[in-house]
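Trainee: Take this structure first; my questions come after.
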Amino acid sequence: VLIGVLTFLDGVRQTYLSFESRGWSTTSGTIRESQVEVTTDRQSTTYHAAVVYDYVVAGQNLEGSLVDFGEYGSSDGKAAKAVVGDYPVGKSVTVWYRPSDPKTAVLKPGLKLATWPFSS
């Protein structure tokens with residue numbers, strides 16, 4: 001039950017941040033790493049786009065890895081491959097960062113359906 005409650009609360013937090021992110025400040029960034037990560041266990045294989053980008057806020061070098069709120073792995077690698085294709089290493093990107101906490105950043109601000117804590 002505790003894990004369910006914590007998962008729900010994280011979903012609520014992600015939803016809040018996704019709405020808030022539309023008004024965040026922006027800066028330029030560069031994709032440093034971009035690859036599809038594959039995790040396999042006894043029951044399934046999950047694909048996830050692992051994207052890392054560098055950006056600077058107020059002279060501070062920062063690193064982000066969140067493409068959008070609601071990022072989750074899937075059993076189909078097409079989505080992860082599409083994200084990696086959109087963000088190749090060396091690409092210049094706009095980074096949206098939270099003014100009160102510049103270490104919190106995202107490449108695609110706003111709400112994504114998977115972010116909603118009640119979606120399945």
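By convention here, the chains of the structure tokens are called A, B, ... in the order presented, each chain's residues are numbered starting at 1, and ligands are numbered starting at 1 in the order presented.
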Quick one: residues within 6 Å of range 52-58 of chain A, only C-alpha atoms counted, chain neighbours fewer than 6 positions away excluded, as JSON, numbers by chain?
Mentor: {"A": [29, 30, 31, 32, 33, 64, 65]}
Trainee: Check the smallest atom-to-atom distance from each of A:Ser74, A:Val67, A:Val12, A:Pro99 to Thr39 in chain A using only C-alpha atoms, then report the winner.
Mentor: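 That would be A:Ser74, the residue with the smallest distance to Thr39 in chain A.
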Trainee: For Ser100 in chain A, list every protein, DNA or RNA residue within 12 Å, evaluated using only C-alpha atoms, and leave out those in the same chain fewer than 6 positions away; present the list as a VMD selection string.
Mentor: chain A and resid 20 to 21 23 to 25 57
Trainee: I'd like the contact shell of Arg22 in chain A - 9 Å cut-off, only C-alpha atoms, skipping same-chain residues fewer than 6 positions apart - returned as a list in words.
Mentor: Trp96, Lys108, Pro109, Gly110 and Leu111 of chain A
Trainee: Enter the distance from CA of Ser28 in chain A to CA of Val93 in chain A, in Å, rounded to one decimal.
Mentor: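 Spanning CA of Ser28 in chain A to CA of Val93 in chain A is a straight-line distance of 5.9 Å.
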Trainee: Given the choices A:Ser44, A:Asn61, A:Ser18, A:Gln35, which gets closest to Lys103 in chain A if the distance is worked out from only C-alpha atoms?
Mentor: A:Asn61
Trainee: Quick one: DSSP strand (DSSP E or B) residues in range 12-108 of chain A, as an mmCIF file with all heavy atoms, in the first residue's frame?
Mentor:
data_model
loop_
_atom_site.group_PDB
_atom_site.id
_atom_site.type_symbol
_atom_site.label_atom_id
_atom_site.label_comp_id
_atom_site.auth_asym_id
_atom_site.auth_seq_id
_atom_site.Cartn_x
_atom_site.Cartn_y
_atom_site.Cartn_z
ATOM 1 N N SER A 25 11.659 29.509 -17.167
ATOM 2 C CA SER A 25 12.651 30.221 -17.967
ATOM 3 C C SER A 25 13.299 29.243 -18.946
ATOM 4 O O SER A 25 13.236 28.027 -18.751
ATOM 5 C CB SER A 25 13.725 30.813 -17.052
ATOM 6 O OG SER A 25 13.144 31.733 -16.145
ATOM 7 N N THR A 26 13.925 29.791 -19.981
ATOM 8 C CA THR A 26 14.596 28.942 -20.958
ATOM 9 C C THR A 26 16.048 29.357 -21.124
ATOM 10 O O THR A 26 16.425 30.493 -20.837
ATOM 11 C CB THR A 26 13.917 29.000 -22.338
ATOM 12 O OG1 THR A 26 13.963 30.333 -22.826
ATOM 13 C CG2 THR A 26 12.483 28.506 -22.275
ATOM 14 N N THR A 27 16.834 28.412 -21.591
ATOM 15 C CA THR A 27 18.228 28.644 -21.929
ATOM 16 C C THR A 27 18.598 27.658 -23.030
ATOM 17 O O THR A 27 17.842 26.727 -23.320
ATOM 18 C CB THR A 27 19.148 28.488 -20.692
ATOM 19 O OG1 THR A 27 20.460 28.930 -21.012
ATOM 20 C CG2 THR A 27 19.191 27.044 -20.199
ATOM 21 N N SER A 28 19.739 27.866 -23.624
ATOM 22 C CA SER A 28 20.210 26.947 -24.660
ATOM 23 C C SER A 28 20.949 25.781 -24.022
ATOM 24 O O SER A 28 21.589 25.931 -22.984
ATOM 25 C CB SER A 28 21.163 27.663 -25.618
ATOM 26 O OG SER A 28 20.487 28.699 -26.278
ATOM 27 N N GLY A 29 20.856 24.649 -24.682
ATOM 28 C CA GLY A 29 21.557 23.467 -24.209
ATOM 29 C C GLY A 29 22.053 22.640 -25.380
ATOM 30 O O GLY A 29 21.736 22.925 -26.534
ATOM 31 N N THR A 30 22.828 21.606 -25.060
ATOM 32 C CA THR A 30 23.378 20.709 -26.067
ATOM 33 C C THR A 30 23.220 19.278 -25.600
ATOM 34 O O THR A 30 23.524 18.951 -24.444
ATOM 35 C CB THR A 30 24.875 21.004 -26.307
ATOM 36 O OG1 THR A 30 25.020 22.379 -26.663
ATOM 37 C CG2 THR A 30 25.440 20.128 -27.416
ATOM 38 N N ILE A 31 22.755 18.409 -26.500
ATOM 39 C CA ILE A 31 22.611 16.987 -26.177
ATOM 40 C C ILE A 31 23.999 16.361 -26.078
ATOM 41 O O ILE A 31 24.799 16.459 -27.004
ATOM 42 C CB ILE A 31 21.765 16.252 -27.246
ATOM 43 C CG1 ILE A 31 20.393 16.902 -27.388
ATOM 44 C CG2 ILE A 31 21.670 14.758 -26.911
ATOM 45 C CD1 ILE A 31 19.518 16.857 -26.163
ATOM 46 N N ARG A 32 24.285 15.744 -24.944
ATOM 47 C CA ARG A 32 25.583 15.097 -24.717
ATOM 48 C C ARG A 32 25.513 13.589 -24.916
ATOM 49 O O ARG A 32 26.462 12.969 -25.386
ATOM 50 C CB ARG A 32 26.084 15.391 -23.305
ATOM 51 C CG ARG A 32 27.428 14.733 -23.022
ATOM 52 C CD ARG A 32 28.106 15.183 -21.737
ATOM 53 N NE ARG A 32 27.252 15.662 -20.705
ATOM 54 C CZ ARG A 32 27.035 15.021 -19.555
ATOM 55 N NH1 ARG A 32 27.550 13.843 -19.310
ATOM 56 N NH2 ARG A 32 26.262 15.572 -18.629
ATOM 57 N N GLU A 33 24.403 12.984 -24.521
ATOM 58 C CA GLU A 33 24.221 11.541 -24.664
ATOM 59 C C GLU A 33 22.795 11.283 -25.130
ATOM 60 O O GLU A 33 21.873 11.982 -24.724
ATOM 61 C CB GLU A 33 24.427 10.814 -23.324
ATOM 62 C CG GLU A 33 25.799 10.949 -22.730
ATOM 63 C CD GLU A 33 25.903 10.322 -21.349
ATOM 64 O OE1 GLU A 33 25.147 9.376 -21.054
ATOM 65 O OE2 GLU A 33 26.733 10.804 -20.566
ATOM 66 N N SER A 34 22.644 10.269 -25.962
ATOM 67 C CA SER A 34 21.310 9.918 -26.446
ATOM 68 C C SER A 34 21.342 8.473 -26.923
ATOM 69 O O SER A 34 22.021 8.159 -27.898
ATOM 70 C CB SER A 34 20.914 10.858 -27.593
ATOM 71 O OG SER A 34 19.589 10.609 -28.004
ATOM 72 N N GLN A 35 20.634 7.627 -26.203
ATOM 73 C CA GLN A 35 20.624 6.207 -26.560
ATOM 74 C C GLN A 35 19.376 5.533 -26.011
ATOM 75 O O GLN A 35 18.741 6.030 -25.096
ATOM 76 C CB GLN A 35 21.868 5.515 -26.021
ATOM 77 C CG GLN A 35 21.960 5.522 -24.510
ATOM 78 C CD GLN A 35 23.282 4.973 -24.006
ATOM 79 O OE1 GLN A 35 24.162 4.653 -24.778
ATOM 80 N NE2 GLN A 35 23.430 4.868 -22.700
ATOM 81 N N VAL A 36 19.059 4.397 -26.588
ATOM 82 C CA VAL A 36 17.955 3.587 -26.098
ATOM 83 C C VAL A 36 18.518 2.615 -25.070
ATOM 84 O O VAL A 36 19.482 1.902 -25.348
ATOM 85 C CB VAL A 36 17.271 2.805 -27.243
ATOM 86 C CG1 VAL A 36 16.196 1.879 -26.685
ATOM 87 C CG2 VAL A 36 16.675 3.763 -28.266
ATOM 88 N N GLU A 37 17.957 2.638 -23.872
ATOM 89 C CA GLU A 37 18.344 1.687 -22.835
ATOM 90 C C GLU A 37 17.324 0.562 -22.814
ATOM 91 O O GLU A 37 16.117 0.807 -22.897
ATOM 92 C CB GLU A 37 18.398 2.360 -21.458
ATOM 93 C CG GLU A 37 19.537 3.339 -21.333
ATOM 94 C CD GLU A 37 19.644 3.937 -19.937
ATOM 95 O OE1 GLU A 37 18.680 3.828 -19.144
ATOM 96 O OE2 GLU A 37 20.691 4.535 -19.647
ATOM 97 N N VAL A 38 17.819 -0.655 -22.694
ATOM 98 C CA VAL A 38 16.958 -1.828 -22.683
ATOM 99 C C VAL A 38 17.137 -2.538 -21.348
ATOM 100 O O VAL A 38 18.263 -2.827 -20.929
ATOM 101 C CB VAL A 38 17.325 -2.791 -23.833
ATOM 102 C CG1 VAL A 38 16.389 -3.991 -23.837
ATOM 103 C CG2 VAL A 38 17.283 -2.065 -25.172
ATOM 104 N N THR A 39 16.028 -2.798 -20.675
ATOM 105 C CA THR A 39 16.035 -3.522 -19.409
ATOM 106 C C THR A 39 15.206 -4.787 -19.592
ATOM 107 O O THR A 39 14.066 -4.718 -20.055
ATOM 108 C CB THR A 39 15.418 -2.669 -18.279
ATOM 109 O OG1 THR A 39 16.104 -1.420 -18.220
ATOM 110 C CG2 THR A 39 15.522 -3.378 -16.943
ATOM 111 N N THR A 40 15.788 -5.902 -19.250
ATOM 112 C CA THR A 40 15.089 -7.169 -19.401
ATOM 113 C C THR A 40 15.058 -7.893 -18.070
ATOM 114 O O THR A 40 16.065 -7.969 -17.373
ATOM 115 C CB THR A 40 15.799 -8.062 -20.445
ATOM 116 O OG1 THR A 40 15.896 -7.330 -21.668
ATOM 117 C CG2 THR A 40 15.045 -9.343 -20.683
ATOM 118 N N THR A 45 10.629 -7.010 -21.385
ATOM 119 C CA THR A 45 11.712 -6.143 -21.840
ATOM 120 C C THR A 45 11.139 -4.737 -21.937
ATOM 121 O O THR A 45 10.058 -4.539 -22.481
ATOM 122 C CB THR A 45 12.239 -6.593 -23.217
ATOM 123 O OG1 THR A 45 12.746 -7.927 -23.101
ATOM 124 C CG2 THR A 45 13.333 -5.676 -23.713
ATOM 125 N N THR A 46 11.863 -3.768 -21.396
ATOM 126 C CA THR A 46 11.420 -2.381 -21.402
ATOM 127 C C THR A 46 12.463 -1.513 -22.098
ATOM 128 O O THR A 46 13.663 -1.671 -21.867
ATOM 129 C CB THR A 46 11.212 -1.870 -19.957
ATOM 130 O OG1 THR A 46 10.280 -2.726 -19.296
ATOM 131 C CG2 THR A 46 10.694 -0.447 -19.940
ATOM 132 N N TYR A 47 11.981 -0.599 -22.936
ATOM 133 C CA TYR A 47 12.844 0.326 -23.672
ATOM 134 C C TYR A 47 12.621 1.731 -23.133
ATOM 135 O O TYR A 47 11.491 2.139 -22.886
ATOM 136 C CB TYR A 47 12.512 0.295 -25.160
ATOM 137 C CG TYR A 47 12.703 -1.059 -25.786
ATOM 138 C CD1 TYR A 47 11.689 -2.009 -25.751
ATOM 139 C CD2 TYR A 47 13.905 -1.395 -26.396
ATOM 140 C CE1 TYR A 47 11.866 -3.263 -26.321
ATOM 141 C CE2 TYR A 47 14.091 -2.649 -26.970
ATOM 142 C CZ TYR A 47 13.060 -3.578 -26.924
ATOM 143 O OH TYR A 47 13.234 -4.814 -27.488
ATOM 144 N N HIS A 48 13.715 2.468 -22.978
ATOM 145 C CA HIS A 48 13.638 3.826 -22.442
ATOM 146 C C HIS A 48 14.666 4.691 -23.170
ATOM 147 O O HIS A 48 15.802 4.266 -23.368
ATOM 148 C CB HIS A 48 13.932 3.823 -20.942
ATOM 149 C CG HIS A 48 14.033 5.174 -20.341
ATOM 150 N ND1 HIS A 48 12.938 5.962 -20.073
ATOM 151 C CD2 HIS A 48 15.102 5.904 -19.964
ATOM 152 C CE1 HIS A 48 13.335 7.110 -19.558
ATOM 153 N NE2 HIS A 48 14.647 7.103 -19.488
ATOM 154 N N ALA A 49 14.276 5.885 -23.558
ATOM 155 C CA ALA A 49 15.208 6.826 -24.174
ATOM 156 C C ALA A 49 16.008 7.508 -23.068
ATOM 157 O O ALA A 49 15.435 8.165 -22.198
ATOM 158 C CB ALA A 49 14.463 7.855 -24.999
ATOM 159 N N ALA A 50 17.318 7.337 -23.098
ATOM 160 C CA ALA A 50 18.207 7.982 -22.122
ATOM 161 C C ALA A 50 18.900 9.153 -22.821
ATOM 162 O O ALA A 50 19.784 8.954 -23.654
ATOM 163 C CB ALA A 50 19.224 6.981 -21.598
ATOM 164 N N VAL A 51 18.452 10.358 -22.492
ATOM 165 C CA VAL A 51 18.979 11.570 -23.111
ATOM 166 C C VAL A 51 19.564 12.447 -22.000
ATOM 167 O O VAL A 51 18.910 12.680 -20.988
ATOM 168 C CB VAL A 51 17.866 12.341 -23.857
ATOM 169 C CG1 VAL A 51 18.382 13.655 -24.416
ATOM 170 C CG2 VAL A 51 17.265 11.471 -24.957
ATOM 171 N N VAL A 52 20.794 12.897 -22.202
ATOM 172 C CA VAL A 52 21.448 13.781 -21.233
ATOM 173 C C VAL A 52 21.858 15.048 -21.978
ATOM 174 O O VAL A 52 22.400 14.984 -23.079
ATOM 175 C CB VAL A 52 22.692 13.111 -20.609
ATOM 176 C CG1 VAL A 52 23.398 14.070 -19.647
ATOM 177 C CG2 VAL A 52 22.309 11.824 -19.890
ATOM 178 N N TYR A 53 21.560 16.193 -21.370
ATOM 179 C CA TYR A 53 21.896 17.466 -22.000
ATOM 180 C C TYR A 53 22.576 18.382 -20.992
ATOM 181 O O TYR A 53 22.369 18.293 -19.786
ATOM 182 C CB TYR A 53 20.659 18.134 -22.595
ATOM 183 C CG TYR A 53 19.446 18.167 -21.692
ATOM 184 C CD1 TYR A 53 19.206 19.249 -20.850
ATOM 185 C CD2 TYR A 53 18.551 17.097 -21.670
ATOM 186 C CE1 TYR A 53 18.091 19.273 -20.021
ATOM 187 C CE2 TYR A 53 17.433 17.123 -20.861
ATOM 188 C CZ TYR A 53 17.209 18.204 -20.031
ATOM 189 O OH TYR A 53 16.113 18.227 -19.202
ATOM 190 N N ASP A 54 23.424 19.249 -21.519
ATOM 191 C CA ASP A 54 24.134 20.240 -20.723
ATOM 192 C C ASP A 54 23.536 21.608 -20.995
ATOM 193 O O ASP A 54 23.141 21.906 -22.124
ATOM 194 C CB ASP A 54 25.622 20.260 -21.096
ATOM 195 C CG ASP A 54 26.313 18.938 -20.804
ATOM 196 O OD1 ASP A 54 26.095 18.386 -19.707
ATOM 197 O OD2 ASP A 54 27.071 18.457 -21.672
ATOM 198 N N TYR A 55 23.466 22.437 -19.948
ATOM 199 C CA TYR A 55 22.968 23.800 -20.095
ATOM 200 C C TYR A 55 23.574 24.660 -18.998
ATOM 201 O O TYR A 55 24.151 24.151 -18.037
ATOM 202 C CB TYR A 55 21.437 23.838 -20.064
ATOM 203 C CG TYR A 55 20.793 23.328 -18.785
ATOM 204 C CD1 TYR A 55 20.267 24.216 -17.848
ATOM 205 C CD2 TYR A 55 20.699 21.972 -18.516
ATOM 206 C CE1 TYR A 55 19.655 23.759 -16.686
ATOM 207 C CE2 TYR A 55 20.095 21.504 -17.370
ATOM 208 C CZ TYR A 55 19.582 22.403 -16.453
ATOM 209 O OH TYR A 55 18.988 21.939 -15.300
ATOM 210 N N VAL A 56 23.488 25.971 -19.157
ATOM 211 C CA VAL A 56 24.087 26.910 -18.215
ATOM 212 C C VAL A 56 23.014 27.886 -17.753
ATOM 213 O O VAL A 56 22.273 28.439 -18.567
ATOM 214 C CB VAL A 56 25.254 27.686 -18.865
ATOM 215 C CG1 VAL A 56 25.840 28.696 -17.894
ATOM 216 C CG2 VAL A 56 26.335 26.729 -19.367
ATOM 217 N N VAL A 57 22.947 28.092 -16.430
ATOM 218 C CA VAL A 57 22.044 29.083 -15.836
ATOM 219 C C VAL A 57 22.862 29.909 -14.852
ATOM 220 O O VAL A 57 23.491 29.344 -13.945
ATOM 221 C CB VAL A 57 20.852 28.419 -15.112
ATOM 222 C CG1 VAL A 57 20.007 29.472 -14.405
ATOM 223 C CG2 VAL A 57 20.003 27.612 -16.086
ATOM 224 N N GLN A 60 26.301 28.797 -14.025
ATOM 225 C CA GLN A 60 26.446 27.462 -13.444
ATOM 226 C C GLN A 60 26.197 26.405 -14.520
ATOM 227 O O GLN A 60 25.146 26.389 -15.160
ATOM 228 C CB GLN A 60 25.455 27.275 -12.290
ATOM 229 C CG GLN A 60 25.584 25.956 -11.587
ATOM 230 C CD GLN A 60 24.593 25.829 -10.423
ATOM 231 O OE1 GLN A 60 23.661 26.618 -10.279
ATOM 232 N NE2 GLN A 60 24.803 24.816 -9.602
ATOM 233 N N ASN A 61 27.179 25.507 -14.720
ATOM 234 C CA ASN A 61 27.027 24.405 -15.667
ATOM 235 C C ASN A 61 26.141 23.339 -15.048
ATOM 236 O O ASN A 61 26.421 22.855 -13.949
ATOM 237 C CB ASN A 61 28.388 23.797 -16.019
ATOM 238 C CG ASN A 61 29.264 24.761 -16.788
ATOM 239 O OD1 ASN A 61 28.776 25.507 -17.628
ATOM 240 N ND2 ASN A 61 30.546 24.754 -16.499
ATOM 241 N N LEU A 62 25.068 22.990 -15.755
ATOM 242 C CA LEU A 62 24.112 22.020 -15.245
ATOM 243 C C LEU A 62 23.893 20.904 -16.260
ATOM 244 O O LEU A 62 24.231 21.033 -17.436
ATOM 245 C CB LEU A 62 22.780 22.711 -14.938
ATOM 246 C CG LEU A 62 22.854 23.809 -13.870
ATOM 247 C CD1 LEU A 62 21.585 24.631 -13.861
ATOM 248 C CD2 LEU A 62 23.105 23.197 -12.513
ATOM 249 N N GLU A 63 23.300 19.818 -15.774
ATOM 250 C CA GLU A 63 23.016 18.653 -16.604
ATOM 251 C C GLU A 63 21.583 18.219 -16.353
ATOM 252 O O GLU A 63 21.122 18.192 -15.220
ATOM 253 C CB GLU A 63 23.975 17.531 -16.192
ATOM 254 C CG GLU A 63 23.654 16.177 -16.719
ATOM 255 C CD GLU A 63 24.570 15.117 -16.143
ATOM 256 O OE1 GLU A 63 25.774 15.156 -16.427
ATOM 257 O OE2 GLU A 63 24.066 14.255 -15.396
ATOM 258 N N GLY A 64 20.879 17.897 -17.415
ATOM 259 C CA GLY A 64 19.518 17.405 -17.289
ATOM 260 C C GLY A 64 19.340 16.107 -18.042
ATOM 261 O O GLY A 64 20.136 15.776 -18.925
ATOM 262 N N ASP A 68 10.524 14.904 -21.120
ATOM 263 C CA ASP A 68 9.198 15.428 -20.822
ATOM 264 C C ASP A 68 8.648 14.777 -19.566
ATOM 265 O O ASP A 68 9.161 13.761 -19.112
ATOM 266 C CB ASP A 68 8.224 15.270 -21.999
ATOM 267 C CG ASP A 68 8.048 13.832 -22.453
ATOM 268 O OD1 ASP A 68 8.109 12.910 -21.621
ATOM 269 O OD2 ASP A 68 7.835 13.631 -23.656
ATOM 270 N N SER A 74 8.603 1.519 -22.220
ATOM 271 C CA SER A 74 7.542 0.743 -22.841
ATOM 272 C C SER A 74 8.106 -0.564 -23.370
ATOM 273 O O SER A 74 9.313 -0.727 -23.503
ATOM 274 C CB SER A 74 6.892 1.533 -23.976
ATOM 275 O OG SER A 74 7.774 1.604 -25.073
ATOM 276 N N SER A 92 21.654 21.226 -30.680
ATOM 277 C CA SER A 92 21.328 22.375 -29.828
ATOM 278 C C SER A 92 19.840 22.325 -29.513
ATOM 279 O O SER A 92 19.030 22.090 -30.414
ATOM 280 C CB SER A 92 21.665 23.683 -30.535
ATOM 281 O OG SER A 92 23.059 23.783 -30.731
ATOM 282 N N VAL A 93 19.492 22.539 -28.248
ATOM 283 C CA VAL A 93 18.106 22.451 -27.810
ATOM 284 C C VAL A 93 17.768 23.619 -26.895
ATOM 285 O O VAL A 93 18.649 24.258 -26.337
ATOM 286 C CB VAL A 93 17.830 21.125 -27.051
ATOM 287 C CG1 VAL A 93 17.934 19.939 -27.987
ATOM 288 C CG2 VAL A 93 18.762 20.962 -25.855
ATOM 289 N N THR A 94 16.480 23.871 -26.746
ATOM 290 C CA THR A 94 15.999 24.823 -25.748
ATOM 291 C C THR A 94 15.688 24.016 -24.493
ATOM 292 O O THR A 94 14.988 23.009 -24.550
ATOM 293 C CB THR A 94 14.736 25.549 -26.234
ATOM 294 O OG1 THR A 94 15.060 26.295 -27.413
ATOM 295 C CG2 THR A 94 14.187 26.480 -25.160
ATOM 296 N N VAL A 95 16.221 24.455 -23.372
ATOM 297 C CA VAL A 95 15.991 23.804 -22.089
ATOM 298 C C VAL A 95 15.097 24.711 -21.246
ATOM 299 O O VAL A 95 15.388 25.894 -21.077
ATOM 300 C CB VAL A 95 17.324 23.545 -21.349
ATOM 301 C CG1 VAL A 95 17.084 22.913 -19.992
ATOM 302 C CG2 VAL A 95 18.255 22.679 -22.196
ATOM 303 N N TRP A 96 14.015 24.157 -20.744
ATOM 304 C CA TRP A 96 13.116 24.868 -19.842
ATOM 305 C C TRP A 96 13.526 24.481 -18.430
ATOM 306 O O TRP A 96 13.563 23.297 -18.095
ATOM 307 C CB TRP A 96 11.673 24.455 -20.108
ATOM 308 C CG TRP A 96 11.208 24.755 -21.499
ATOM 309 C CD1 TRP A 96 11.557 24.092 -22.639
ATOM 310 C CD2 TRP A 96 10.326 25.787 -21.894
ATOM 311 N NE1 TRP A 96 10.940 24.654 -23.709
ATOM 312 C CE2 TRP A 96 10.169 25.696 -23.293
ATOM 313 C CE3 TRP A 96 9.636 26.765 -21.204
ATOM 314 C CZ2 TRP A 96 9.364 26.554 -24.005
ATOM 315 C CZ3 TRP A 96 8.818 27.629 -21.909
ATOM 316 C CH2 TRP A 96 8.696 27.528 -23.295
ATOM 317 N N TYR A 97 13.839 25.477 -17.591
ATOM 318 C CA TYR A 97 14.271 25.174 -16.231
ATOM 319 C C TYR A 97 13.439 25.954 -15.218
ATOM 320 O O TYR A 97 12.949 27.044 -15.481
ATOM 321 C CB TYR A 97 15.768 25.448 -16.043
ATOM 322 C CG TYR A 97 16.140 26.907 -16.143
ATOM 323 C CD1 TYR A 97 16.165 27.716 -15.008
ATOM 324 C CD2 TYR A 97 16.449 27.486 -17.370
ATOM 325 C CE1 TYR A 97 16.490 29.058 -15.096
ATOM 326 C CE2 TYR A 97 16.773 28.822 -17.470
ATOM 327 C CZ TYR A 97 16.797 29.605 -16.328
ATOM 328 O OH TYR A 97 17.106 30.945 -16.413
ATOM 329 N N ARG A 98 13.316 25.357 -14.044
ATOM 330 C CA ARG A 98 12.527 25.960 -12.968
ATOM 331 C C ARG A 98 13.342 27.096 -12.340
ATOM 332 O O ARG A 98 14.424 26.843 -11.788
ATOM 333 C CB ARG A 98 12.208 24.885 -11.935
ATOM 334 C CG ARG A 98 11.188 25.290 -10.928
ATOM 335 C CD ARG A 98 10.845 24.123 -10.028
ATOM 336 N NE ARG A 98 9.633 24.404 -9.288
ATOM 337 C CZ ARG A 98 9.227 23.712 -8.257
ATOM 338 N NH1 ARG A 98 9.924 22.652 -7.863
ATOM 339 N NH2 ARG A 98 8.121 24.029 -7.640
ATOM 340 N N ASP A 101 14.641 26.529 -8.927
ATOM 341 C CA ASP A 101 15.520 25.364 -8.801
ATOM 342 C C ASP A 101 16.014 24.994 -10.194
ATOM 343 O O ASP A 101 15.479 24.087 -10.831
ATOM 344 C CB ASP A 101 14.769 24.188 -8.174
ATOM 345 C CG ASP A 101 15.626 22.938 -8.053
ATOM 346 O OD1 ASP A 101 16.869 23.046 -8.129
ATOM 347 O OD2 ASP A 101 15.040 21.856 -7.903
ATOM 348 N N PRO A 102 17.034 25.704 -10.709
ATOM 349 C CA PRO A 102 17.496 25.494 -12.081
ATOM 350 C C PRO A 102 17.960 24.069 -12.402
ATOM 351 O O PRO A 102 18.073 23.718 -13.567
ATOM 352 C CB PRO A 102 18.648 26.487 -12.222
ATOM 353 C CG PRO A 102 18.371 27.546 -11.225
ATOM 354 C CD PRO A 102 17.729 26.826 -10.067
ATOM 355 N N LYS A 103 18.201 23.261 -11.386
ATOM 356 C CA LYS A 103 18.584 21.867 -11.644
ATOM 357 C C LYS A 103 17.397 21.040 -12.119
ATOM 358 O O LYS A 103 17.565 19.944 -12.637
ATOM 359 C CB LYS A 103 19.180 21.226 -10.381
ATOM 360 C CG LYS A 103 20.512 21.827 -9.998
ATOM 361 C CD LYS A 103 21.052 21.194 -8.739
ATOM 362 C CE LYS A 103 22.353 21.884 -8.343
ATOM 363 N NZ LYS A 103 22.892 21.331 -7.101
ATOM 364 N N THR A 104 16.191 21.563 -11.961
ATOM 365 C CA THR A 104 14.987 20.900 -12.462
ATOM 366 C C THR A 104 14.707 21.461 -13.846
ATOM 367 O O THR A 104 14.395 22.640 -13.994
ATOM 368 C CB THR A 104 13.791 21.150 -11.514
ATOM 369 O OG1 THR A 104 14.118 20.653 -10.220
ATOM 370 C CG2 THR A 104 12.542 20.461 -12.018
ATOM 371 N N ALA A 105 14.850 20.608 -14.865
ATOM 372 C CA ALA A 105 14.742 21.070 -16.242
ATOM 373 C C ALA A 105 14.080 20.008 -17.109
ATOM 374 O O ALA A 105 14.043 18.820 -16.754
ATOM 375 C CB ALA A 105 16.132 21.395 -16.781
ATOM 376 N N VAL A 106 13.592 20.460 -18.273
ATOM 377 C CA VAL A 106 12.900 19.570 -19.194
ATOM 378 C C VAL A 106 13.063 20.128 -20.613
ATOM 379 O O VAL A 106 13.225 21.338 -20.792
ATOM 380 C CB VAL A 106 11.409 19.436 -18.792
ATOM 381 C CG1 VAL A 106 10.663 20.742 -18.963
ATOM 382 C CG2 VAL A 106 10.717 18.305 -19.505
ATOM 383 N N LYS A 108 10.711 19.300 -23.125
ATOM 384 C CA LYS A 108 9.344 19.515 -23.627
ATOM 385 C C LYS A 108 8.448 19.840 -22.437
ATOM 386 O O LYS A 108 8.014 18.943 -21.729
ATOM 387 C CB LYS A 108 8.815 18.263 -24.318
ATOM 388 C CG LYS A 108 9.539 17.872 -25.575
ATOM 389 C CD LYS A 108 8.902 16.616 -26.156
ATOM 390 C CE LYS A 108 9.597 16.143 -27.393
ATOM 391 N NZ LYS A 108 8.987 14.890 -27.907
#
Trainee: Residues of range 25-119 of chain A classed as alpha helix (DSSP H) by DSSP on the backbone are to be reported as a list in words.
Mentor: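 Answer for range 25-119 of chain A restricted to alpha helix (DSSP H) is Gly77, Lys78, Ala79, Ala80, Lys81, Ala82, Val83, Val84, Gly85 and Asp86 of chain A.
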Trainee: Work out how far apart CA of Val83 in chain A and CA of Leu107 in chain A are and give it in Å to one decimal.
Mentor: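 A separation of 11.2 Å between them.
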Trainee: If I take CA of Leu9 in chain A and CA of Asp41 in chain A, how far is one from the other in Å, to one decimal?
Mentor: 26.3 Å
